[in-house]
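A.B. asks: So here's data26.txt (compact mmCIF, C-alpha atoms and all ligand atoms).
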# COMPACT_ATOMS: atom_id res chain seq x y z
CA MET C 131 25.70 3.21 4.91
CA THR C 132 23.37 5.94 3.75
CA GLN C 133 23.10 6.42 0.04
CA THR C 134 22.32 9.85 -1.22
CA ILE C 135 20.61 10.43 -4.51
CA HIS C 136 22.26 13.05 -6.72
CA ARG C 137 20.01 14.79 -9.18
CA PRO C 138 20.54 17.69 -11.50
CA GLY C 139 20.10 20.80 -9.39
CA GLY C 140 21.25 19.33 -6.09
CA THR C 141 21.28 16.48 -3.63
CA SER C 142 18.19 15.08 -1.98
CA THR C 143 17.39 12.37 0.50
CA THR C 144 13.81 12.14 -0.80
CA PRO C 145 14.23 9.49 -3.48
CA LEU C 146 12.24 9.28 -6.65
CA VAL C 147 10.82 5.85 -7.43
CA THR C 148 12.67 6.11 -10.74
CA ASP C 149 16.03 6.60 -8.95
CA ILE C 150 16.08 3.11 -7.44
CA PRO C 151 17.45 0.53 -9.91
CA ASN C 152 14.79 -1.70 -11.47
CA LEU C 153 12.14 -0.74 -8.90
CA ASP C 154 9.82 1.25 -11.10
CA THR C 155 7.26 -0.77 -12.99
CA PRO C 156 7.39 -0.30 -16.75
CA PRO C 157 4.02 0.42 -18.36
CA PRO C 158 2.12 -2.82 -18.99
CA TYR C 159 2.95 -4.39 -22.32
CA VAL C 160 0.52 -2.72 -24.72
CA ARG C 161 0.67 -1.09 -28.13
CA GLU C 162 -0.67 2.46 -28.32
CA LEU C 163 -3.23 2.81 -31.09
CA ALA C 164 -4.09 5.95 -32.98
CA SER C 165 -7.12 7.71 -31.58
CA ASP C 166 -8.76 10.99 -32.51
CA ASP C 167 -11.57 11.08 -29.95
CA GLY C 168 -9.56 12.22 -26.90
CA HIS C 169 -9.43 8.74 -25.36
CA GLN C 170 -6.20 6.78 -24.97
CA ARG C 171 -6.61 3.62 -27.04
CA ILE C 172 -4.32 0.61 -26.61
CA GLU C 173 -3.97 -2.90 -27.95
CA LEU C 174 -3.89 -5.47 -25.14
CA PRO C 175 -1.46 -8.42 -25.39
CA SER C 176 -4.52 -10.54 -26.31
CA GLY C 177 -4.89 -8.39 -29.47
CA HIS C 178 -8.04 -6.55 -28.34
CA SER C 179 -8.42 -2.83 -28.62
CA ALA C 180 -9.21 -1.15 -25.29
CA ILE C 181 -9.50 2.28 -23.72
CA CYS C 182 -6.86 2.95 -21.07
CA LEU C 183 -8.03 5.16 -18.21
CA THR C 184 -5.14 6.87 -16.43
CA SER C 185 -6.57 9.68 -14.31
CA TYR C 186 -7.44 9.03 -10.68
CA GLU C 187 -10.99 10.26 -11.23
CA ASP C 188 -11.67 8.07 -14.29
CA VAL C 189 -10.16 4.93 -12.73
CA LYS C 190 -12.39 5.39 -9.68
CA THR C 191 -15.45 6.03 -11.88
CA LEU C 192 -14.94 2.76 -13.76
CA MET C 193 -14.25 0.74 -10.64
CA LEU C 194 -17.40 2.11 -9.00
CA ASP C 195 -19.53 1.04 -11.97
CA ARG C 196 -21.11 -2.23 -10.85
CA THR C 197 -22.26 -2.99 -14.39
CA ALA C 198 -18.76 -3.01 -15.94
CA SER C 199 -18.25 -6.70 -16.58
CA ARG C 200 -15.29 -8.93 -15.77
CA THR C 201 -17.24 -12.06 -16.71
CA LEU C 202 -17.55 -10.98 -20.35
CA CYS C 203 -13.76 -10.46 -20.55
CA ASN C 204 -12.79 -13.73 -18.85
CA VAL C 205 -13.74 -16.01 -21.76
CA ASP C 206 -11.66 -18.03 -24.20
CA GLY C 207 -9.91 -15.52 -26.44
CA GLY C 208 -11.20 -12.57 -24.35
CA PRO C 209 -9.42 -9.26 -23.74
CA SER C 210 -6.56 -9.81 -21.28
CA PHE C 211 -2.96 -9.16 -20.27
CA MET C 212 -2.55 -12.86 -19.56
CA PRO C 213 -2.08 -15.64 -22.12
CA THR C 214 -5.16 -17.52 -20.88
CA ASN C 215 -8.38 -16.77 -19.11
CA TRP C 216 -8.87 -17.80 -15.49
CA ALA C 217 -11.36 -19.83 -13.48
CA PRO C 218 -14.71 -18.06 -14.02
CA GLU C 219 -15.76 -18.73 -10.43
CA VAL C 220 -13.08 -16.61 -8.70
CA LEU C 221 -14.47 -13.38 -7.27
CA ILE C 222 -12.60 -11.04 -9.60
CA ASN C 223 -14.29 -12.73 -12.58
CA LEU C 224 -17.85 -12.63 -11.19
CA ASP C 225 -20.36 -9.89 -11.98
CA ALA C 226 -23.33 -8.59 -10.00
CA PRO C 227 -25.54 -9.98 -8.59
CA VAL C 228 -23.70 -13.29 -7.91
CA HIS C 229 -20.52 -11.37 -7.04
CA GLY C 230 -22.31 -9.55 -4.22
CA VAL C 231 -23.75 -12.76 -2.79
CA VAL C 232 -20.37 -14.54 -2.80
CA ARG C 233 -18.58 -11.49 -1.43
CA GLU C 234 -21.03 -11.25 1.47
CA PHE C 235 -20.73 -15.00 1.94
CA VAL C 236 -16.94 -14.99 2.39
CA SER C 237 -16.08 -11.62 3.83
CA HIS C 238 -17.25 -12.13 7.44
CA GLU C 239 -14.04 -13.84 8.49
CA PHE C 240 -11.63 -11.25 7.10
CA GLY C 241 -9.93 -9.43 9.94
CA ARG C 242 -10.33 -12.45 12.22
CA ARG C 243 -8.75 -15.78 11.41
CA ILE C 244 -8.27 -17.85 8.32
CA GLN C 245 -7.77 -21.58 8.57
CA LEU C 246 -7.72 -23.55 5.36
CA ALA C 247 -6.29 -26.89 6.35
CA ARG C 248 -4.94 -28.90 9.25
CA ARG C 249 -1.33 -27.99 10.05
CA ASP C 250 -0.01 -31.38 8.99
CA GLU C 251 -1.60 -30.94 5.56
CA ILE C 252 0.19 -27.70 4.80
CA PRO C 253 3.52 -29.24 3.64
CA LEU C 254 1.54 -31.25 1.12
CA ILE C 255 0.43 -28.18 -0.75
CA VAL C 256 2.05 -28.24 -4.14
CA ASP C 257 3.24 -25.18 -5.99
CA SER C 258 1.54 -25.89 -9.29
CA TRP C 259 -1.64 -23.84 -9.66
CA VAL C 260 -3.59 -26.72 -11.19
CA GLU C 261 -2.62 -29.14 -8.44
CA LEU C 262 -3.25 -26.53 -5.80
CA TYR C 263 -6.68 -25.77 -7.17
CA GLY C 264 -7.46 -29.48 -7.30
CA TRP C 265 -6.53 -29.67 -3.63
CA VAL C 266 -8.82 -26.74 -2.74
CA GLN C 267 -11.68 -28.32 -4.70
CA GLU C 268 -11.23 -31.60 -2.85
CA LEU C 269 -11.21 -29.84 0.50
CA VAL C 270 -14.42 -28.04 -0.35
CA ALA C 271 -16.10 -31.23 -1.56
CA ASP C 272 -15.12 -33.26 1.53
CA ASP C 273 -16.85 -32.18 4.76
CA SER C 274 -15.13 -34.73 6.94
CA GLU C 275 -11.55 -33.68 6.27
CA HIS C 276 -11.24 -30.37 8.06
CA ASP C 277 -11.43 -28.79 11.45
CA ASP C 278 -15.01 -27.86 12.37
CA THR C 279 -13.95 -24.36 13.47
CA GLY C 280 -11.99 -23.61 10.29
CA LEU C 281 -12.87 -21.38 7.36
CA LEU C 282 -13.99 -24.17 5.05
CA ALA C 283 -16.31 -25.69 7.62
CA THR C 284 -17.75 -22.23 8.26
CA TYR C 285 -18.36 -21.72 4.55
CA LYS C 286 -19.91 -25.15 4.11
CA ARG C 287 -22.32 -24.41 6.96
CA ARG C 288 -23.13 -20.95 5.66
CA ALA C 289 -23.84 -22.32 2.17
CA ARG C 290 -26.85 -24.16 3.65
CA GLN C 291 -28.52 -20.83 4.58
CA PRO C 292 -31.32 -19.94 2.10
CA GLU C 293 -29.91 -16.48 1.26
CA PHE C 294 -26.71 -18.14 0.02
CA ALA C 295 -28.38 -20.81 -2.11
CA ALA C 296 -26.45 -19.48 -5.14
CA VAL C 297 -23.12 -20.25 -3.47
CA VAL C 298 -22.39 -23.73 -4.79
CA ASP C 299 -19.12 -25.62 -4.11
CA THR C 300 -17.52 -24.30 -7.32
CA LEU C 301 -17.90 -20.71 -6.10
CA ILE C 302 -16.52 -21.58 -2.66
CA SER C 303 -13.51 -23.28 -4.30
CA GLY C 304 -12.83 -20.31 -6.59
CA THR C 305 -12.95 -17.84 -3.74
CA VAL C 306 -10.84 -19.92 -1.39
CA MET C 307 -8.29 -20.40 -4.18
CA ARG C 308 -8.04 -16.63 -4.63
CA ILE C 309 -7.57 -16.26 -0.88
CA VAL C 310 -4.72 -18.82 -0.95
CA LEU C 311 -2.99 -17.04 -3.85
CA GLY C 312 -3.55 -13.52 -2.53
CA GLY C 313 -2.52 -14.41 0.98
CA ASP C 314 0.73 -15.96 -0.19
CA ASN C 315 2.12 -14.44 -3.39
CA ASN C 316 0.70 -10.94 -3.13
CA VAL C 317 2.00 -10.22 0.34
CA ALA C 318 5.39 -11.82 -0.43
CA THR C 319 5.65 -9.70 -3.58
CA MET C 320 4.92 -6.41 -1.84
CA LEU C 321 7.15 -7.33 1.09
CA GLY C 322 10.08 -7.99 -1.27
CA LYS C 323 9.57 -4.72 -3.11
CA THR C 324 9.19 -2.64 0.07
CA LEU C 325 12.28 -4.12 1.67
CA TYR C 326 14.28 -3.75 -1.53
CA ALA C 327 13.26 -0.09 -1.97
CA SER C 328 14.20 0.81 1.60
CA LEU C 329 17.55 -1.01 1.45
CA ALA C 330 18.43 0.30 -2.00
CA HIS C 331 17.88 3.84 -0.73
CA ARG C 332 19.32 3.11 2.73
CA ASP C 333 18.10 6.42 4.16
CA LEU C 334 14.53 5.07 3.99
CA TYR C 335 15.52 2.03 6.04
CA SER C 336 17.38 4.21 8.57
CA GLN C 337 14.30 6.38 9.01
CA VAL C 338 12.13 3.41 9.97
CA VAL C 339 14.86 1.93 12.19
CA ASP C 340 15.01 5.24 14.08
CA ASP C 341 11.23 5.42 14.30
CA PRO C 342 9.42 2.10 13.64
CA SER C 343 6.08 3.93 13.89
CA LEU C 344 6.88 5.08 10.33
CA VAL C 345 6.64 1.49 8.98
CA PRO C 346 2.92 1.92 8.01
CA ASP C 347 3.87 5.07 6.06
CA LEU C 348 6.63 3.21 4.22
CA VAL C 349 4.24 0.35 3.38
CA GLU C 350 1.60 2.82 2.21
CA GLU C 351 3.98 4.77 -0.01
CA ILE C 352 5.58 1.78 -1.72
CA MET C 353 2.09 0.30 -2.16
CA ARG C 354 0.96 3.53 -3.87
CA LEU C 355 3.84 3.37 -6.34
CA MET C 356 4.06 -0.37 -7.01
CA PRO C 357 1.40 -2.58 -8.55
CA LEU C 358 1.71 -6.32 -7.90
CA GLY C 359 2.70 -7.10 -11.45
CA THR C 360 3.07 -5.02 -14.57
CA PRO C 361 -0.66 -4.34 -14.90
CA GLY C 362 -2.27 -3.63 -11.51
CA SER C 363 -5.80 -4.54 -12.50
CA PHE C 364 -7.99 -6.31 -15.04
CA PRO C 365 -9.90 -4.99 -18.07
CA ARG C 366 -13.72 -4.68 -17.98
CA GLU C 367 -16.37 -4.66 -20.70
CA LEU C 368 -18.94 -1.89 -20.43
CA THR C 369 -22.57 -3.00 -20.31
CA ARG C 370 -23.79 0.59 -20.04
CA PRO C 371 -22.16 3.85 -21.19
CA LEU C 372 -19.46 5.29 -18.93
CA ASN C 373 -18.82 9.01 -18.52
CA THR C 374 -15.12 9.87 -18.32
CA THR C 375 -13.26 13.17 -18.21
CA ALA C 376 -12.47 12.69 -21.92
CA GLY C 377 -16.13 12.08 -22.82
CA PRO C 378 -18.58 9.16 -22.81
CA LEU C 379 -17.62 5.58 -23.70
CA PRO C 380 -20.20 3.29 -25.32
CA VAL C 381 -21.59 -0.11 -24.30
CA GLY C 382 -19.30 -2.94 -25.44
CA GLU C 383 -16.08 -0.95 -25.04
CA ILE C 384 -13.22 -2.76 -23.28
CA VAL C 385 -11.75 -0.49 -20.60
CA TYR C 386 -8.58 -0.94 -18.57
CA PRO C 387 -8.30 0.94 -15.25
CA HIS C 388 -4.59 1.84 -15.10
CA ILE C 389 -4.25 1.97 -11.32
CA ASN C 390 -0.54 2.72 -11.36
CA ALA C 391 -1.03 5.81 -13.50
CA ALA C 392 -3.93 6.95 -11.28
CA ASN C 393 -1.70 6.59 -8.21
CA ARG C 394 0.72 9.04 -9.83
CA ASP C 395 -1.91 11.53 -10.91
CA PRO C 396 -0.36 14.92 -10.01
CA ALA C 397 -3.86 16.33 -9.46
CA VAL C 398 -4.12 14.07 -6.40
CA PHE C 399 -0.54 13.29 -5.37
CA ASP C 400 1.90 16.17 -5.13
CA ALA C 401 5.31 15.33 -6.72
CA PRO C 402 3.97 11.83 -7.37
CA LEU C 403 7.29 10.11 -8.12
CA GLU C 404 8.77 11.04 -4.73
CA ILE C 405 8.79 8.36 -2.03
CA ARG C 406 7.58 10.41 0.93
CA LEU C 407 6.78 9.02 4.33
CA ASP C 408 4.72 12.06 5.30
CA ARG C 409 1.92 11.81 2.73
CA PRO C 410 -1.65 11.53 3.98
CA ARG C 411 -2.58 7.83 4.04
CA GLY C 412 -5.50 6.00 2.50
CA ARG C 413 -5.90 7.57 -0.94
CA HIS C 414 -4.11 5.20 -3.32
CA LEU C 415 -6.00 2.69 -5.46
CA GLN C 416 -3.47 -0.16 -5.38
CA TYR C 417 -6.05 -2.43 -3.70
CA GLY C 418 -8.63 -1.50 -6.33
CA TYR C 419 -11.87 0.33 -5.60
CA GLY C 420 -15.59 -0.41 -5.57
CA MET C 421 -17.19 -3.85 -5.87
CA HIS C 422 -13.96 -5.78 -6.62
CA ARG C 423 -11.83 -3.91 -4.05
CA CYS C 424 -9.29 -6.32 -2.62
CA MET C 425 -10.88 -8.47 0.03
CA GLY C 426 -7.53 -9.16 1.72
CA SER C 427 -6.27 -5.58 2.02
CA ALA C 428 -6.62 -5.35 5.81
CA LEU C 429 -4.91 -8.71 6.21
CA ALA C 430 -2.14 -7.74 3.77
CA GLN C 431 -1.52 -4.42 5.57
CA THR C 432 -1.42 -6.15 8.94
CA GLU C 433 1.06 -8.75 7.69
CA LEU C 434 3.31 -6.25 5.90
CA ILE C 435 3.44 -3.87 8.85
CA ALA C 436 4.00 -6.66 11.40
CA ILE C 437 6.79 -8.32 9.39
CA LEU C 438 8.61 -5.10 8.50
CA THR C 439 8.38 -3.78 12.06
CA ARG C 440 9.95 -7.00 13.27
CA VAL C 441 12.69 -6.82 10.62
CA VAL C 442 13.68 -3.21 11.36
CA THR C 443 13.73 -3.73 15.11
CA ARG C 444 15.68 -6.99 14.92
CA TYR C 445 18.10 -5.98 12.18
CA PRO C 446 18.85 -2.25 12.46
CA ASP C 447 22.02 -2.65 10.37
CA LEU C 448 20.45 -4.79 7.63
CA ALA C 449 22.06 -3.97 4.29
CA LEU C 450 22.03 -5.25 0.73
CA ARG C 451 25.09 -7.39 0.08
CA VAL C 452 25.15 -6.46 -3.60
CA ASP C 453 24.75 -3.27 -5.53
CA PRO C 454 21.01 -2.59 -6.02
CA SER C 455 21.44 -2.77 -9.78
CA ASP C 456 22.73 -6.36 -9.40
CA VAL C 457 19.59 -7.63 -7.63
CA GLU C 458 17.80 -10.14 -9.87
CA TRP C 459 14.12 -9.62 -10.57
CA ASP C 460 11.21 -11.88 -11.48
CA LEU C 461 9.62 -9.91 -14.28
CA GLY C 462 6.26 -11.68 -14.34
CA THR C 463 3.17 -10.01 -15.77
CA GLY C 464 1.09 -10.93 -12.72
CA LEU C 465 3.81 -10.57 -10.07
CA ARG C 466 6.95 -8.46 -10.48
CA ARG C 467 9.47 -8.55 -7.62
CA PRO C 468 13.10 -9.16 -6.61
CA ALA C 469 13.84 -12.87 -7.11
CA VAL C 470 16.29 -12.89 -4.16
CA LEU C 471 17.46 -10.23 -1.73
CA PRO C 472 21.05 -10.99 -0.63
CA VAL C 473 21.54 -9.14 2.69
CA ASP C 474 23.98 -8.82 5.56
CA LEU C 475 22.19 -8.96 8.89
CA GLY C 476 24.70 -6.59 10.50
CA VAL C 477 26.50 -6.71 13.83
CA ARG C 478 23.47 -5.71 15.88
CA GLY C 479 21.22 -8.35 14.26
CA ILE C 480 19.37 -10.62 16.71
CA VAL C 481 19.45 -14.13 15.24
C1 LIG C 501 -0.39 -6.37 -0.86
C2 LIG C 501 -1.05 -7.30 -1.39
C3 LIG C 501 -2.25 -7.19 -2.31
C4 LIG C 501 -2.52 -6.34 -3.35
C5 LIG C 501 -1.64 -5.20 -3.87
C6 LIG C 501 -3.81 -6.71 -3.89
C7 LIG C 501 -4.45 -6.08 -4.96
C8 LIG C 501 -5.72 -6.37 -5.40
C9 LIG C 501 -6.43 -5.64 -6.44
C10 LIG C 501 -5.88 -4.45 -7.23
C11 LIG C 501 -7.65 -6.22 -6.60
C12 LIG C 501 -8.75 -5.74 -7.54
C13 LIG C 501 -8.42 -6.00 -8.98
C14 LIG C 501 -9.42 -5.35 -9.93
O1 LIG C 501 -10.45 -4.81 -9.51
O2 LIG C 501 -9.17 -5.40 -11.16
C15 LIG C 501 -7.72 -7.32 -5.66
C16 LIG C 501 -8.81 -8.15 -5.54
C17 LIG C 501 -8.82 -9.23 -4.67
N1 LIG C 501 -7.87 -9.58 -3.73
FE1 LIG C 501 -6.13 -8.62 -3.38
N2 LIG C 501 -4.29 -7.77 -3.17
C18 LIG C 501 -3.38 -8.07 -2.17
C19 LIG C 501 -3.51 -9.04 -1.20
C20 LIG C 501 -4.56 -9.91 -1.09
C21 LIG C 501 -4.72 -10.90 -0.04
C22 LIG C 501 -3.77 -11.07 1.14
C23 LIG C 501 -5.89 -11.57 -0.30
C24 LIG C 501 -6.55 -12.69 0.46
C25 LIG C 501 -6.16 -13.20 1.58
C26 LIG C 501 -6.47 -11.00 -1.50
C27 LIG C 501 -7.66 -11.39 -2.07
C28 LIG C 501 -8.31 -10.71 -3.08
C29 LIG C 501 -9.61 -11.11 -3.60
C30 LIG C 501 -10.45 -12.29 -3.15
C31 LIG C 501 -9.92 -10.19 -4.61
C32 LIG C 501 -11.17 -10.16 -5.48
C33 LIG C 501 -12.23 -9.32 -4.82
C34 LIG C 501 -13.49 -9.21 -5.66
O3 LIG C 501 -13.43 -9.42 -6.87
O4 LIG C 501 -14.51 -8.88 -5.06
N3 LIG C 501 -5.64 -9.99 -1.95
N4 LIG C 501 -6.53 -7.38 -4.94
Spit out the file's structure as structure tokens when you get a sec.
C.D. replies:
Amino acid sequence: MTQTIHRPGGTSTTPLVTDIPNLDTPPPYVRELASDDGHQRIELPSGHSAICLTSYEDVKTLMLDRTASRTLCNVDGGPSFMPTNWAPEVLINLDAPVHGVVREFVSHEFGRRIQLARRDEIPLIVDSWVELYGWVQELVADDSEHDDTGLLATYKRRARQPEFAAVVDTLISGTVMRIVLGGDNNVATMLGKTLYASLAHRDLYSQVVDDPSLVPDLVEEIMRLMPLGTPGSFPRELTRPLNTTAGPLPVGEIVYPHINAANRDPAVFDAPLEIRLDRPRGRHLQYGYGMHRCMGSALAQTELIAILTRVVTRYPDLALRVDPSDVEWDLGTGLRRPAVLPVDLGVRGIV
């Protein structure tokens, strides 16, 4: 069944992200504060005042500034969208120069293979973050427990090289933990949203069934429009002035790069709310930009494209079993996605 979107002025099969029930991400929970200096000032859920950058150019400028600090924000009572701060040793919370050393330390394996544990250990992984992190820390501390060719053994060996003397076990644990979380929840979240969007506007699904080579375009376009959670990024504290299109910002200012707004900047993306499979690829900022750019983006793209290609070729008649507006959502700050996707596999489905 192909659904057609009716809008004032006519009928179109190019859906707007706002046409699909519940798909569009509301702005992150912030209070707008009065400001007379041309900058958009907000109050973060933590109570801190911050500047919100929304243009593509300004978001890129901030993310390219290697002196803008995450470490200074990730402290008890620091500026945040989350109720608590996070482990200081995970990559996103490290600043230069340690960030660069750890990033170089771990990034070699991305694009090849990632092995964190023996297969028989995997069912033991618990879903509580604290327990999971404890498990990662134990793995890192215990050389004898894992396969010599695996990622952890590789990192333990590399940590003995003089240029990586700064990379102590705590930093390895923090980075591996982020890899576990990113590799699991982030991909599952974007997969759920992409599948939901294409089934809710069935014409999108039909297009990729007819031509599975369009799957990367579908992934790219939903990725452009959908952050992982409600905010798509983390605030930074400036340690040197930042020039923005609305004027300079001083040292000490808290600045939030609003990736989702930047990805809808009409100066860069024509008719930004339209879900179009024929846009040029590779311009969105949903994986971040600069020194903290997502380390797992290539892996995430590969997984999303492989899974969705398999789904559309195996289940050409896949359809939502409920009205899109009846799909339940997890409305988490960090991850926002359909909680379940009830589907019919269709008569041509290969089980
Ligand atoms: C589609 C899924 C994903 C999305 C949308 C995503 C998004 C992001 C974003 C926006 C950042 C930067 C945040 C900022 O600068 O404020 C980031 C950083 C990061 N991501 Fe991802 N991510 C995804 C999947 C993954 C996967 C699969 C992994 C690992 C296997 C991963 C690991 C990381 C790490 C380690 C960082 C921190 C990098 C650094 O600080 O240098 N992510 N991600």
A.B. asks: Could I get the residue neighbourhood of ligand LIG 501 (chain C) at 7 Å, counting all atoms listed in the file, as JSON, numbers by chain?
C.D. replies: {"C": [193, 221, 222, 223, 224, 229, 233, 305, 308, 309, 310, 312, 313, 314, 316, 317, 320, 353, 357, 358, 362, 363, 364, 365, 416, 417, 418, 419, 421, 422, 423, 424, 425, 426, 427, 429, 430, 431]}
A.B. asks: Between CA of Phe399 in chain C and CA of Asp167 in chain C, what distance in Å does the model show, to one decimal?
C.D. replies: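 So the answer is 27.0 Å.
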A.B. asks: Name the closest residue to Val473 in chain C among the candidates C:Asp408, C:Asp447, C:Asp395, C:Glu458; distances are taken between atoms, counting all atoms listed in the file.
C.D. replies: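 Of C:Asp408, C:Asp447, C:Asp395, C:Glu458, the one nearest Val473 in chain C is C:Asp447, counting all atoms listed in the file.
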A.B. asks: Could the centre and edge lengths of an axis-aligned box, enclosing all atoms of range 381-396 of chain C in the file with 6 Å extra on each side, be given in Å to one decimal as JSON?
C.D. replies:
{"center_x": -10.4, "center_y": 6.0, "center_z": -16.8, "size_x": 34.3, "size_y": 29.9, "size_z": 29.2}
A.B. asks: I'd like to know which of C:Leu202, C:Val236, C:Leu344, C:Leu379 is closest to Ala283 in chain C, using all atoms listed in the file.
C.D. replies: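 Selected residue with least distance to Ala283 in chain C: C:Val236.
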A.B. asks: Could you name the residues that touch range 172-176 of chain C at 10 Å or less, counting only C-alpha atoms, but leaving out those on the same chain fewer than 2 positions away, as a list of chain:residue names?
C.D. replies: C:Pro158, C:Tyr159, C:Val160, C:Arg161, C:Glu162, C:Leu163, C:Ala164, C:Ser165, C:His169, C:Gln170, C:His178, C:Ser179, C:Ala180, C:Ile181, C:Cys182, C:Gly207, C:Gly208, C:Pro209, C:Ser210, C:Phe211, C:Met212, C:Pro213, C:Thr214, C:Pro365, C:Ile384, C:Val385, C:Tyr386
A.B. asks: I want to know what sits within 12 Å of range 141-152 of chain C, based on all atoms listed in the file, with residues of the same chain fewer than 2 positions away left out; could you give that as a PyMOL selection string?
C.D. replies: chain C and resi 132-139+154-156+323-324+326-337+351-356+394+401-408+453-461+466-468
A.B. asks: At what distance in Å, to one decimal, does CA of Glu383 in chain C lie from CA of Arg196 in chain C?
C.D. replies: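 CA of Glu383 in chain C lies at a distance of 15.1 Å from CA of Arg196 in chain C.
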A.B. asks: Quick one: of C:Asp299, C:Asp195, C:Thr443, C:Leu434, who's nearest to Leu325 in chain C, counting only C-alpha atoms?
C.D. replies: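 Among the listed residues, the smallest separation from Leu325 in chain C belongs to C:Leu434.
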A.B. asks: Which is closest to Gly359 in chain C among C:Leu438, C:Val297, C:Leu465, C:Ala397, if we use all atoms listed in the file?
C.D. replies: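 For Gly359 in chain C, the nearest of the candidates is C:Leu465.
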A.B. asks: Quick one: of C:Thr432, C:Thr279, C:Thr197, C:Thr369, who's nearest to Gly420 in chain C, counting only C-alpha atoms?
C.D. replies: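 Residue with the minimum atom-to-atom distance to Gly420 in chain C: C:Thr197.
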A.B. asks: Within 12 Å of range 288-290 of chain C, counting only C-alpha atoms, which residues qualify if same-chain residues fewer than 4 places away don't, as a PyMOL selection string?
C.D. replies: chain C and resi 231-232+234-239+270+281-284+294-302
A.B. asks: What is the CA of Tyr285 in chain C to CA of Asn204 in chain C distance in Å?
C.D. replies: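 Taking CA of Tyr285 in chain C as the start and CA of Asn204 in chain C as the end point, the length is 25.3 Å.
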A.B. asks: Restricting the calculation to all atoms listed in the file, which member of C:Asn373, C:Asn315, C:Thr463, C:Asp347 is positioned closest to Thr360 in chain C?
C.D. replies: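 For Thr360 in chain C, the nearest of the given residues is C:Thr463.
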A.B. asks: What's around Thr375 in chain C at 12 Å? Count only C-alpha atoms, leave out sequence neighbours fewer than 4 positions away in its own chain, and write the answer as an MDAnalysis selection string.
C.D. replies: chainID C and resid 168:170 183:192 379
A.B. asks: Could you pull out every residue with an atom within 10 Å of (25.5, -7.3, 5.2), file coordinates, counting only C-alpha atoms, and send them as a ChimeraX atom specification?
C.D. replies: /C:447-452,472-477
A.B. asks: Save range 183-195 of chain C of the structure in the block above to a file, with N, CA and C atoms included, as a compact mmCIF listing (two decimals), in the first residue's frame.
C.D. replies:
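Result went into out08.txt, see below:
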# COMPACT_ATOMS: atom_id res chain seq x y z
N LEU C 183 24.29 27.33 18.85
CA LEU C 183 24.66 27.62 17.46
C LEU C 183 23.79 26.76 16.55
N THR C 184 23.15 27.39 15.57
CA THR C 184 22.21 26.64 14.73
C THR C 184 22.58 26.63 13.25
N SER C 185 23.46 27.53 12.82
CA SER C 185 23.76 27.53 11.38
C SER C 185 24.85 26.49 11.11
N TYR C 186 24.80 25.96 9.92
CA TYR C 186 25.76 24.93 9.49
C TYR C 186 27.19 25.44 9.67
N GLU C 187 27.41 26.68 9.25
CA GLU C 187 28.76 27.24 9.31
C GLU C 187 29.25 27.37 10.76
N ASP C 188 28.39 27.88 11.65
CA ASP C 188 28.82 28.07 13.04
C ASP C 188 29.04 26.73 13.76
N VAL C 189 28.16 25.75 13.49
CA VAL C 189 28.33 24.44 14.13
C VAL C 189 29.66 23.82 13.71
N LYS C 190 29.99 23.94 12.42
CA LYS C 190 31.27 23.40 11.94
C LYS C 190 32.44 24.15 12.58
N THR C 191 32.31 25.48 12.68
CA THR C 191 33.40 26.29 13.26
C THR C 191 33.69 25.83 14.69
N LEU C 192 32.63 25.64 15.48
CA LEU C 192 32.85 25.21 16.87
C LEU C 192 33.48 23.82 16.91
N MET C 193 32.94 22.92 16.09
CA MET C 193 33.43 21.54 16.17
C MET C 193 34.86 21.40 15.65
N LEU C 194 35.29 22.37 14.85
CA LEU C 194 36.68 22.35 14.37
C LEU C 194 37.64 22.96 15.38
N ASP C 195 37.11 23.64 16.40
CA ASP C 195 37.98 24.32 17.37
C ASP C 195 38.48 23.30 18.40
